[in-house]
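S.K.: Sending over structure-v2.txt (compact mmCIF, N, CA and C atoms).
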# COMPACT_ATOMS: atom_id res chain seq x y z
N MET I 1 0.84 -1.18 0.00
CA MET I 1 0.00 0.00 0.00
C MET I 1 0.88 1.23 0.00
N LYS I 2 0.48 2.21 -0.76
CA LYS I 2 1.21 3.47 -0.75
C LYS I 2 1.03 4.14 0.61
N ALA I 3 2.09 4.72 1.11
CA ALA I 3 2.06 5.31 2.45
C ALA I 3 1.74 6.80 2.44
N THR I 4 1.14 7.30 1.39
CA THR I 4 0.79 8.70 1.34
C THR I 4 -0.68 8.90 1.65
N VAL I 5 -0.99 9.97 2.32
CA VAL I 5 -2.36 10.30 2.65
C VAL I 5 -3.00 10.97 1.43
N SER I 6 -4.20 10.52 1.07
CA SER I 6 -4.89 11.16 -0.05
C SER I 6 -5.21 12.61 0.33
N LYS I 7 -5.32 13.47 -0.66
CA LYS I 7 -5.61 14.89 -0.40
C LYS I 7 -6.91 15.06 0.35
N GLN I 8 -7.91 14.27 -0.02
CA GLN I 8 -9.21 14.39 0.63
C GLN I 8 -9.13 13.96 2.10
N VAL I 9 -8.41 12.89 2.36
CA VAL I 9 -8.25 12.42 3.74
C VAL I 9 -7.44 13.45 4.53
N ALA I 10 -6.40 13.98 3.93
CA ALA I 10 -5.58 15.00 4.60
C ALA I 10 -6.41 16.21 5.00
N GLU I 11 -7.34 16.61 4.15
CA GLU I 11 -8.21 17.75 4.46
C GLU I 11 -9.10 17.46 5.66
N VAL I 12 -9.58 16.25 5.77
CA VAL I 12 -10.43 15.89 6.91
C VAL I 12 -9.62 15.87 8.20
N ILE I 13 -8.48 15.20 8.18
CA ILE I 13 -7.74 15.05 9.44
C ILE I 13 -7.04 16.34 9.88
N GLN I 14 -6.84 17.27 8.98
CA GLN I 14 -6.20 18.52 9.40
C GLN I 14 -7.08 19.29 10.39
N HIS I 15 -8.36 18.99 10.41
CA HIS I 15 -9.28 19.66 11.33
C HIS I 15 -9.43 18.93 12.66
N TYR I 16 -8.82 17.76 12.79
CA TYR I 16 -8.87 17.03 14.06
C TYR I 16 -7.99 17.76 15.08
N PRO I 17 -8.37 17.73 16.34
CA PRO I 17 -7.46 18.20 17.40
C PRO I 17 -6.22 17.30 17.47
N ALA I 18 -5.24 17.70 18.23
CA ALA I 18 -3.95 17.01 18.27
C ALA I 18 -4.06 15.53 18.62
N LYS I 19 -4.78 15.16 19.67
CA LYS I 19 -4.84 13.76 20.11
C LYS I 19 -5.51 12.86 19.06
N PRO I 20 -6.71 13.21 18.55
CA PRO I 20 -7.29 12.36 17.50
C PRO I 20 -6.42 12.29 16.25
N LYS I 21 -5.76 13.37 15.92
CA LYS I 21 -4.86 13.38 14.76
C LYS I 21 -3.71 12.40 14.97
N LYS I 22 -3.17 12.37 16.17
CA LYS I 22 -2.08 11.44 16.49
C LYS I 22 -2.57 9.99 16.42
N VAL I 23 -3.75 9.73 16.99
CA VAL I 23 -4.31 8.38 16.96
C VAL I 23 -4.61 7.97 15.53
N PHE I 24 -5.18 8.89 14.74
CA PHE I 24 -5.44 8.57 13.34
C PHE I 24 -4.14 8.14 12.66
N SER I 25 -3.06 8.86 12.87
CA SER I 25 -1.78 8.51 12.25
C SER I 25 -1.31 7.12 12.68
N GLN I 26 -1.49 6.81 13.96
CA GLN I 26 -1.07 5.50 14.46
C GLN I 26 -1.93 4.38 13.87
N VAL I 27 -3.23 4.60 13.81
CA VAL I 27 -4.12 3.58 13.27
C VAL I 27 -3.90 3.45 11.77
N ARG I 28 -3.68 4.56 11.10
CA ARG I 28 -3.38 4.52 9.67
C ARG I 28 -2.13 3.69 9.42
N GLN I 29 -1.13 3.81 10.27
CA GLN I 29 0.09 3.01 10.11
C GLN I 29 -0.23 1.53 10.28
N LEU I 30 -1.17 1.19 11.15
CA LEU I 30 -1.58 -0.20 11.29
C LEU I 30 -2.22 -0.71 10.00
N VAL I 31 -2.98 0.15 9.31
CA VAL I 31 -3.56 -0.22 8.01
C VAL I 31 -2.45 -0.48 7.01
N VAL I 32 -1.49 0.42 6.95
CA VAL I 32 -0.36 0.26 6.03
C VAL I 32 0.39 -1.03 6.32
N ASP I 33 0.65 -1.29 7.61
CA ASP I 33 1.38 -2.51 7.99
C ASP I 33 0.58 -3.76 7.64
N ALA I 34 -0.72 -3.74 7.93
CA ALA I 34 -1.57 -4.90 7.61
C ALA I 34 -1.58 -5.15 6.11
N ALA I 35 -1.65 -4.09 5.33
CA ALA I 35 -1.65 -4.24 3.87
C ALA I 35 -0.32 -4.79 3.36
N LYS I 36 0.77 -4.33 3.93
CA LYS I 36 2.09 -4.82 3.52
C LYS I 36 2.32 -6.27 3.89
N GLU I 37 1.75 -6.70 5.01
CA GLU I 37 2.00 -8.04 5.54
C GLU I 37 1.03 -9.09 5.01
N SER I 38 0.02 -8.68 4.27
CA SER I 38 -1.00 -9.62 3.79
C SER I 38 -0.97 -9.70 2.27
N VAL I 39 -0.93 -10.91 1.76
CA VAL I 39 -0.90 -11.13 0.32
C VAL I 39 -2.18 -10.58 -0.32
N GLY I 40 -2.00 -9.83 -1.39
CA GLY I 40 -3.14 -9.33 -2.14
C GLY I 40 -3.66 -7.97 -1.70
N LEU I 41 -3.02 -7.37 -0.70
CA LEU I 41 -3.51 -6.08 -0.22
C LEU I 41 -2.63 -4.90 -0.64
N GLU I 42 -1.76 -5.14 -1.61
CA GLU I 42 -0.86 -4.07 -2.07
C GLU I 42 -1.64 -2.87 -2.63
N ASN I 43 -2.81 -3.12 -3.16
CA ASN I 43 -3.59 -2.05 -3.79
C ASN I 43 -4.70 -1.52 -2.88
N THR I 44 -4.50 -1.64 -1.58
CA THR I 44 -5.46 -1.07 -0.65
C THR I 44 -5.53 0.43 -0.90
N GLU I 45 -6.73 0.93 -0.97
CA GLU I 45 -6.95 2.33 -1.33
C GLU I 45 -7.41 3.15 -0.13
N GLU I 46 -6.85 4.34 -0.01
CA GLU I 46 -7.27 5.29 1.01
C GLU I 46 -8.19 6.30 0.33
N THR I 47 -9.36 6.52 0.92
CA THR I 47 -10.34 7.42 0.31
C THR I 47 -11.26 7.96 1.40
N LEU I 48 -12.27 8.68 1.01
CA LEU I 48 -13.31 9.12 1.94
C LEU I 48 -14.60 8.39 1.65
N LYS I 49 -15.25 7.92 2.68
CA LYS I 49 -16.59 7.34 2.59
C LYS I 49 -17.41 8.05 3.66
N TRP I 50 -18.53 8.58 3.26
CA TRP I 50 -19.40 9.33 4.19
C TRP I 50 -18.61 10.41 4.93
N GLY I 51 -17.60 10.96 4.25
CA GLY I 51 -16.81 12.04 4.82
C GLY I 51 -15.72 11.60 5.79
N ASP I 52 -15.53 10.30 5.95
CA ASP I 52 -14.54 9.79 6.90
C ASP I 52 -13.41 9.06 6.17
N PRO I 53 -12.19 9.12 6.72
CA PRO I 53 -11.09 8.36 6.15
C PRO I 53 -11.44 6.87 6.11
N SER I 54 -11.25 6.26 4.95
CA SER I 54 -11.65 4.87 4.76
C SER I 54 -10.61 4.13 3.94
N TYR I 55 -10.61 2.81 4.11
CA TYR I 55 -9.66 1.95 3.42
C TYR I 55 -10.42 0.79 2.82
N LEU I 56 -10.08 0.45 1.58
CA LEU I 56 -10.74 -0.67 0.93
C LEU I 56 -9.78 -1.39 0.01
N SER I 57 -10.10 -2.67 -0.19
CA SER I 57 -9.32 -3.50 -1.11
C SER I 57 -10.31 -4.31 -1.92
N LYS I 58 -9.83 -4.86 -3.05
CA LYS I 58 -10.74 -5.60 -3.93
C LYS I 58 -11.24 -6.89 -3.29
N ASP I 59 -10.50 -7.44 -2.35
CA ASP I 59 -10.90 -8.69 -1.69
C ASP I 59 -11.55 -8.47 -0.33
N GLY I 60 -11.80 -7.21 0.01
CA GLY I 60 -12.26 -6.96 1.36
C GLY I 60 -13.46 -6.05 1.48
N SER I 61 -13.68 -5.70 2.71
CA SER I 61 -14.76 -4.81 3.09
C SER I 61 -14.14 -3.51 3.58
N THR I 62 -14.84 -2.43 3.40
CA THR I 62 -14.33 -1.12 3.79
C THR I 62 -14.15 -1.01 5.30
N VAL I 63 -13.05 -0.38 5.70
CA VAL I 63 -12.80 -0.01 7.09
C VAL I 63 -12.84 1.51 7.11
N ARG I 64 -13.75 2.06 7.91
CA ARG I 64 -13.91 3.51 7.98
C ARG I 64 -13.55 3.98 9.38
N MET I 65 -12.69 5.00 9.46
CA MET I 65 -12.26 5.55 10.75
C MET I 65 -13.07 6.80 11.06
N LYS I 66 -13.41 6.96 12.33
CA LYS I 66 -14.22 8.11 12.69
C LYS I 66 -13.85 8.65 14.06
N TRP I 67 -13.75 9.95 14.11
CA TRP I 67 -13.63 10.69 15.36
C TRP I 67 -14.60 11.86 15.24
N THR I 68 -15.32 12.17 16.31
CA THR I 68 -16.24 13.30 16.27
C THR I 68 -16.14 14.10 17.56
N GLU I 69 -16.53 15.34 17.48
CA GLU I 69 -16.56 16.20 18.67
C GLU I 69 -17.64 15.75 19.64
N LYS I 70 -18.65 15.03 19.15
CA LYS I 70 -19.72 14.53 20.02
C LYS I 70 -19.19 13.49 21.01
N LYS I 71 -18.18 12.75 20.59
CA LYS I 71 -17.53 11.75 21.44
C LYS I 71 -16.03 11.99 21.36
N PRO I 72 -15.56 13.07 21.99
CA PRO I 72 -14.17 13.51 21.79
C PRO I 72 -13.10 12.58 22.33
N ASP I 73 -13.46 11.67 23.23
CA ASP I 73 -12.47 10.76 23.80
C ASP I 73 -12.52 9.37 23.19
N GLN I 74 -13.19 9.25 22.05
CA GLN I 74 -13.40 7.94 21.44
C GLN I 74 -12.97 7.96 19.97
N PHE I 75 -12.36 6.88 19.54
CA PHE I 75 -11.98 6.68 18.14
C PHE I 75 -12.65 5.39 17.70
N SER I 76 -13.29 5.41 16.53
CA SER I 76 -14.05 4.25 16.09
C SER I 76 -13.63 3.78 14.71
N LEU I 77 -13.81 2.48 14.50
CA LEU I 77 -13.66 1.88 13.18
C LEU I 77 -15.00 1.25 12.83
N TYR I 78 -15.50 1.60 11.66
CA TYR I 78 -16.78 1.10 11.18
C TYR I 78 -16.54 0.06 10.09
N PHE I 79 -17.39 -0.96 10.12
CA PHE I 79 -17.34 -2.05 9.15
C PHE I 79 -18.71 -2.19 8.51
N ASN I 80 -18.77 -2.91 7.42
CA ASN I 80 -20.04 -3.15 6.75
C ASN I 80 -20.96 -3.88 7.73
N CYS I 81 -22.13 -3.31 7.98
CA CYS I 81 -23.05 -3.89 8.97
C CYS I 81 -23.69 -5.19 8.49
N ASN I 82 -23.55 -5.51 7.20
CA ASN I 82 -24.06 -6.78 6.67
C ASN I 82 -23.01 -7.88 6.72
N SER I 83 -21.85 -7.57 7.27
CA SER I 83 -20.79 -8.57 7.40
C SER I 83 -20.82 -9.15 8.81
N ILE I 84 -19.95 -10.12 9.03
CA ILE I 84 -19.83 -10.70 10.37
C ILE I 84 -18.56 -10.19 11.07
N MET I 85 -18.06 -9.05 10.62
CA MET I 85 -16.83 -8.50 11.18
C MET I 85 -16.94 -8.24 12.68
N VAL I 86 -17.90 -7.43 13.08
CA VAL I 86 -17.98 -7.05 14.49
C VAL I 86 -18.31 -8.26 15.36
N GLU I 87 -19.16 -9.13 14.88
CA GLU I 87 -19.48 -10.36 15.60
C GLU I 87 -18.20 -11.18 15.84
N THR I 88 -17.38 -11.28 14.82
CA THR I 88 -16.12 -12.03 14.93
C THR I 88 -15.16 -11.33 15.88
N ILE I 89 -15.05 -10.02 15.77
CA ILE I 89 -14.16 -9.25 16.64
C ILE I 89 -14.59 -9.41 18.10
N LYS I 90 -15.90 -9.37 18.36
CA LYS I 90 -16.40 -9.58 19.73
C LYS I 90 -15.98 -10.94 20.27
N GLU I 91 -16.04 -11.94 19.41
CA GLU I 91 -15.66 -13.30 19.82
C GLU I 91 -14.17 -13.38 20.14
N LEU I 92 -13.36 -12.72 19.32
CA LEU I 92 -11.90 -12.79 19.48
C LEU I 92 -11.36 -11.85 20.55
N TYR I 93 -11.94 -10.66 20.63
CA TYR I 93 -11.41 -9.59 21.49
C TYR I 93 -12.51 -9.01 22.38
N GLN I 94 -13.18 -9.85 23.14
CA GLN I 94 -14.34 -9.47 23.92
C GLN I 94 -14.22 -8.15 24.67
N ASP I 95 -13.17 -8.00 25.45
CA ASP I 95 -13.05 -6.83 26.31
C ASP I 95 -12.09 -5.76 25.79
N GLU I 96 -11.57 -5.98 24.61
CA GLU I 96 -10.56 -5.07 24.05
C GLU I 96 -11.18 -3.76 23.53
N PHE I 97 -12.42 -3.85 23.06
CA PHE I 97 -13.08 -2.70 22.44
C PHE I 97 -14.47 -2.48 23.03
N THR I 98 -15.04 -1.34 22.69
CA THR I 98 -16.45 -1.06 22.93
C THR I 98 -17.13 -1.32 21.59
N TYR I 99 -18.31 -1.89 21.62
CA TYR I 99 -18.98 -2.29 20.38
C TYR I 99 -20.26 -1.49 20.16
N ASP I 100 -20.50 -1.13 18.91
CA ASP I 100 -21.71 -0.42 18.52
C ASP I 100 -22.48 -1.34 17.58
N GLY I 101 -23.30 -2.20 18.17
CA GLY I 101 -24.07 -3.14 17.38
C GLY I 101 -23.19 -4.00 16.50
N ASN I 102 -23.60 -4.15 15.24
CA ASN I 102 -22.85 -4.98 14.29
C ASN I 102 -22.07 -4.12 13.30
N ARG I 103 -21.81 -2.85 13.68
CA ARG I 103 -21.18 -1.96 12.72
C ARG I 103 -19.87 -1.31 13.13
N ALA I 104 -19.56 -1.24 14.43
CA ALA I 104 -18.36 -0.49 14.81
C ALA I 104 -17.70 -1.03 16.07
N ILE I 105 -16.39 -0.78 16.15
CA ILE I 105 -15.62 -0.99 17.37
C ILE I 105 -15.01 0.36 17.73
N SER I 106 -14.87 0.60 19.02
CA SER I 106 -14.31 1.86 19.48
C SER I 106 -13.32 1.62 20.61
N PHE I 107 -12.45 2.59 20.80
CA PHE I 107 -11.54 2.54 21.94
C PHE I 107 -11.30 3.96 22.41
N SER I 108 -10.90 4.09 23.65
CA SER I 108 -10.70 5.40 24.26
C SER I 108 -9.38 6.02 23.81
N LEU I 109 -9.42 7.31 23.56
CA LEU I 109 -8.20 8.05 23.22
C LEU I 109 -7.32 8.24 24.45
N LYS I 110 -7.88 7.99 25.62
CA LYS I 110 -7.14 8.17 26.86
C LYS I 110 -6.29 6.94 27.20
N GLU I 111 -6.52 5.84 26.49
CA GLU I 111 -5.80 4.61 26.76
C GLU I 111 -4.87 4.27 25.61
N LYS I 112 -3.96 3.36 25.87
CA LYS I 112 -3.05 2.90 24.83
C LYS I 112 -3.85 2.20 23.74
N ILE I 113 -3.48 2.44 22.48
CA ILE I 113 -4.16 1.80 21.36
C ILE I 113 -3.92 0.30 21.42
N PRO I 114 -4.99 -0.50 21.31
CA PRO I 114 -4.81 -1.96 21.29
C PRO I 114 -4.29 -2.39 19.91
N ALA I 115 -3.04 -2.06 19.64
CA ALA I 115 -2.46 -2.15 18.30
C ALA I 115 -2.50 -3.55 17.68
N THR I 116 -2.12 -4.56 18.42
CA THR I 116 -2.09 -5.91 17.86
C THR I 116 -3.49 -6.36 17.45
N ALA I 117 -4.44 -6.18 18.34
CA ALA I 117 -5.82 -6.56 18.05
C ALA I 117 -6.39 -5.74 16.90
N LEU I 118 -6.12 -4.45 16.93
CA LEU I 118 -6.66 -3.56 15.90
C LEU I 118 -6.09 -3.89 14.52
N LYS I 119 -4.81 -4.16 14.45
CA LYS I 119 -4.20 -4.53 13.17
C LYS I 119 -4.79 -5.83 12.64
N HIS I 120 -5.04 -6.77 13.52
CA HIS I 120 -5.65 -8.03 13.12
C HIS I 120 -7.06 -7.79 12.57
N CYS I 121 -7.83 -6.95 13.24
CA CYS I 121 -9.18 -6.62 12.78
C CYS I 121 -9.15 -5.96 11.41
N ILE I 122 -8.23 -5.05 11.21
CA ILE I 122 -8.09 -4.35 9.93
C ILE I 122 -7.73 -5.36 8.83
N ALA I 123 -6.77 -6.24 9.11
CA ALA I 123 -6.36 -7.23 8.11
C ALA I 123 -7.52 -8.14 7.73
N MET I 124 -8.31 -8.57 8.74
CA MET I 124 -9.47 -9.42 8.44
C MET I 124 -10.47 -8.68 7.55
N ALA I 125 -10.73 -7.42 7.85
CA ALA I 125 -11.69 -6.65 7.06
C ALA I 125 -11.21 -6.46 5.63
N LEU I 126 -9.94 -6.15 5.46
CA LEU I 126 -9.41 -5.91 4.12
C LEU I 126 -9.33 -7.18 3.27
N GLN I 127 -9.47 -8.35 3.93
CA GLN I 127 -9.47 -9.63 3.22
C GLN I 127 -10.82 -10.34 3.37
N TYR I 128 -11.83 -9.63 3.80
CA TYR I 128 -13.10 -10.21 4.21
C TYR I 128 -13.70 -11.19 3.21
N HIS I 129 -13.72 -10.84 1.93
CA HIS I 129 -14.36 -11.71 0.94
C HIS I 129 -13.62 -13.04 0.76
N LYS I 130 -12.33 -13.06 1.07
CA LYS I 130 -11.57 -14.31 1.02
C LYS I 130 -11.76 -15.13 2.29
N LEU I 131 -12.10 -14.48 3.39
CA LEU I 131 -12.14 -15.14 4.69
C LEU I 131 -13.54 -15.42 5.23
N LYS I 132 -14.57 -14.82 4.65
CA LYS I 132 -15.90 -14.82 5.27
C LYS I 132 -16.51 -16.20 5.49
N LYS I 133 -16.07 -17.22 4.77
CA LYS I 133 -16.63 -18.56 4.96
C LYS I 133 -15.82 -19.40 5.93
N LEU I 134 -14.71 -18.85 6.42
CA LEU I 134 -13.87 -19.55 7.39
C LEU I 134 -14.34 -19.28 8.81
N PRO I 135 -14.27 -20.27 9.69
CA PRO I 135 -14.63 -20.00 11.09
C PRO I 135 -13.79 -18.87 11.65
N LEU I 136 -14.43 -17.94 12.33
CA LEU I 136 -13.77 -16.76 12.90
C LEU I 136 -12.86 -16.05 11.90
N LEU I 137 -13.29 -16.03 10.66
CA LEU I 137 -12.57 -15.37 9.56
C LEU I 137 -11.12 -15.84 9.46
N GLY I 138 -10.92 -17.11 9.75
CA GLY I 138 -9.60 -17.71 9.60
C GLY I 138 -8.64 -17.43 10.72
N SER I 139 -9.10 -16.83 11.80
CA SER I 139 -8.20 -16.49 12.92
C SER I 139 -7.70 -17.69 13.66
Before anything else, please render the file you have as structure tokens.
M.R.:
Amino acid sequence: MKATVSKQVAEVIQHYPAKPKKVFSQVRQLVVDAAKESVGLENTEETLKWGDPSYLSKDGSTVRMKWTEKKPDQFSLYFNCNSIMVETIKELYQDEFTYDGNRAISFSLKEKIPATALKHCIAMALQYHKLKKLPLLGS
């Protein structure tokens, strides 16, 4: 995956306060690392979906990152609500995240980023169509 931020994504994150901007950069690096370490994810694309920084690959499901002033201490990753992503993440990482139904996982900006778990979740999402028939998405 190319390690450059798209112009549209850069415009969105430039308006984030310092802490969410720092977390975005760290989570974005996890996306880059997951793409580099997984076969077939070299062409993972960074774009905007619903105004939020998002990542997609031809074999996967979109991962959308979100921070809002309404929940200033929370950073979220959204997944396709018609997938089994969040259900699988709950099974694998029960207490690691806060869950929003079948569509999102969140973590506090006040705590250390659960990097290993988060990178695994991102990799599963970006390969979702290859993994969706495997128990626990092949974990």
S.K.: In the coordinates of the file, take the point (-7.9, -15.4, -3.9) and a cut-off of 8 Å; then, counting all atoms listed in the file, name each qualifying protein, DNA or RNA residue as a PDB file with N, CA and C atoms, keeping the file's coordinate frame.
M.R.:
ATOM      1  N   GLY I  40      -2.000  -9.830  -1.390  1.00  0.00           N
ATOM      2  CA  GLY I  40      -3.140  -9.330  -2.140  1.00  0.00           C
ATOM      3  C   GLY I  40      -3.660  -7.970  -1.700  1.00  0.00           C
ATOM      4  N   ASP I  59     -10.500  -7.440  -2.350  1.00  0.00           N
ATOM      5  CA  ASP I  59     -10.900  -8.690  -1.690  1.00  0.00           C
ATOM      6  C   ASP I  59     -11.550  -8.470  -0.330  1.00  0.00           C
ATOM      7  N   HIS I 129     -13.720 -10.840   1.930  1.00  0.00           N
ATOM      8  CA  HIS I 129     -14.360 -11.710   0.940  1.00  0.00           C
ATOM      9  C   HIS I 129     -13.620 -13.040   0.760  1.00  0.00           C
ATOM     10  N   LYS I 130     -12.330 -13.060   1.070  1.00  0.00           N
ATOM     11  CA  LYS I 130     -11.570 -14.310   1.020  1.00  0.00           C
ATOM     12  C   LYS I 130     -11.760 -15.130   2.290  1.00  0.00           C
TER      13      LYS I 130
END
S.K.: Would you mind listing what lies within 8 Å of segment 6-11 of chain I as a PyMOL selection string, with all atoms listed in the file counted and same-chain residues fewer than 3 positions away left out?
M.R.: chain I and resi 3+14-16+46-48+51-54
S.K.: Which value, in Å to one decimal, gives the distance between atom CA of Cys81 of chain I and atom CA of Lys19 of chain I?
M.R.: 27.7 Å
S.K.: In Å to one decimal, how far is atom CA of Ala18 of chain I from atom CA of Arg103 of chain I?
M.R.: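 These two atoms are separated by 26.2 Å.
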S.K.: Which one of I:Trp50, I:Tyr55, I:Phe75, I:Phe97 sits closest to Lys21 of chain I if you count only C-alpha atoms?
M.R.: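 Smallest separation from Lys21 of chain I among the options: I:Phe75.
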S.K.: Using DSSP on the backbone, list every residue of chain I that comes out as helix (DSSP H, G or I), and give them as a PyMOL selection string.
M.R.: chain I and resi 7-13+18-37+85-92+115-126+128-131+135-138
S.K.: Taking the backbone alone, and naming residues the way the document does, which bits of segment 66-123 of chain I are strand (DSSP E) by DSSP, as a PyMOL selection string?
M.R.: chain I and resi 66-68+71-78+98-100+104-108
S.K.: Restricting the calculation to only C-alpha atoms, which member of I:Ile113, I:Ile89, I:Leu77, I:Ala123 is positioned closest to Val32 of chain I?
M.R.: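 With only C-alpha atoms as the atom set, the closest residue is I:Ala123.
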S.K.: Please compute the atom N of Leu126 of chain I-atom CA of Gln94 of chain I distance, one decimal, in Å.
M.R.: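 Distance between the two atoms: 19.3 Å.
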S.K.: Between I:Thr44, I:Tyr128, I:Leu136, I:Ile122, single out the one closest to Glu91 of chain I, counting all atoms listed in the file.
M.R.: I:Leu136
S.K.: Find the spatial neighbours of Lys110 of chain I, counting only C-alpha atoms, within a cut-off of 9 Å - ignore same-chain residues fewer than 3 positions away - and output them as a PyMOL selection string.
M.R.: chain I and resi 73-74+107+113
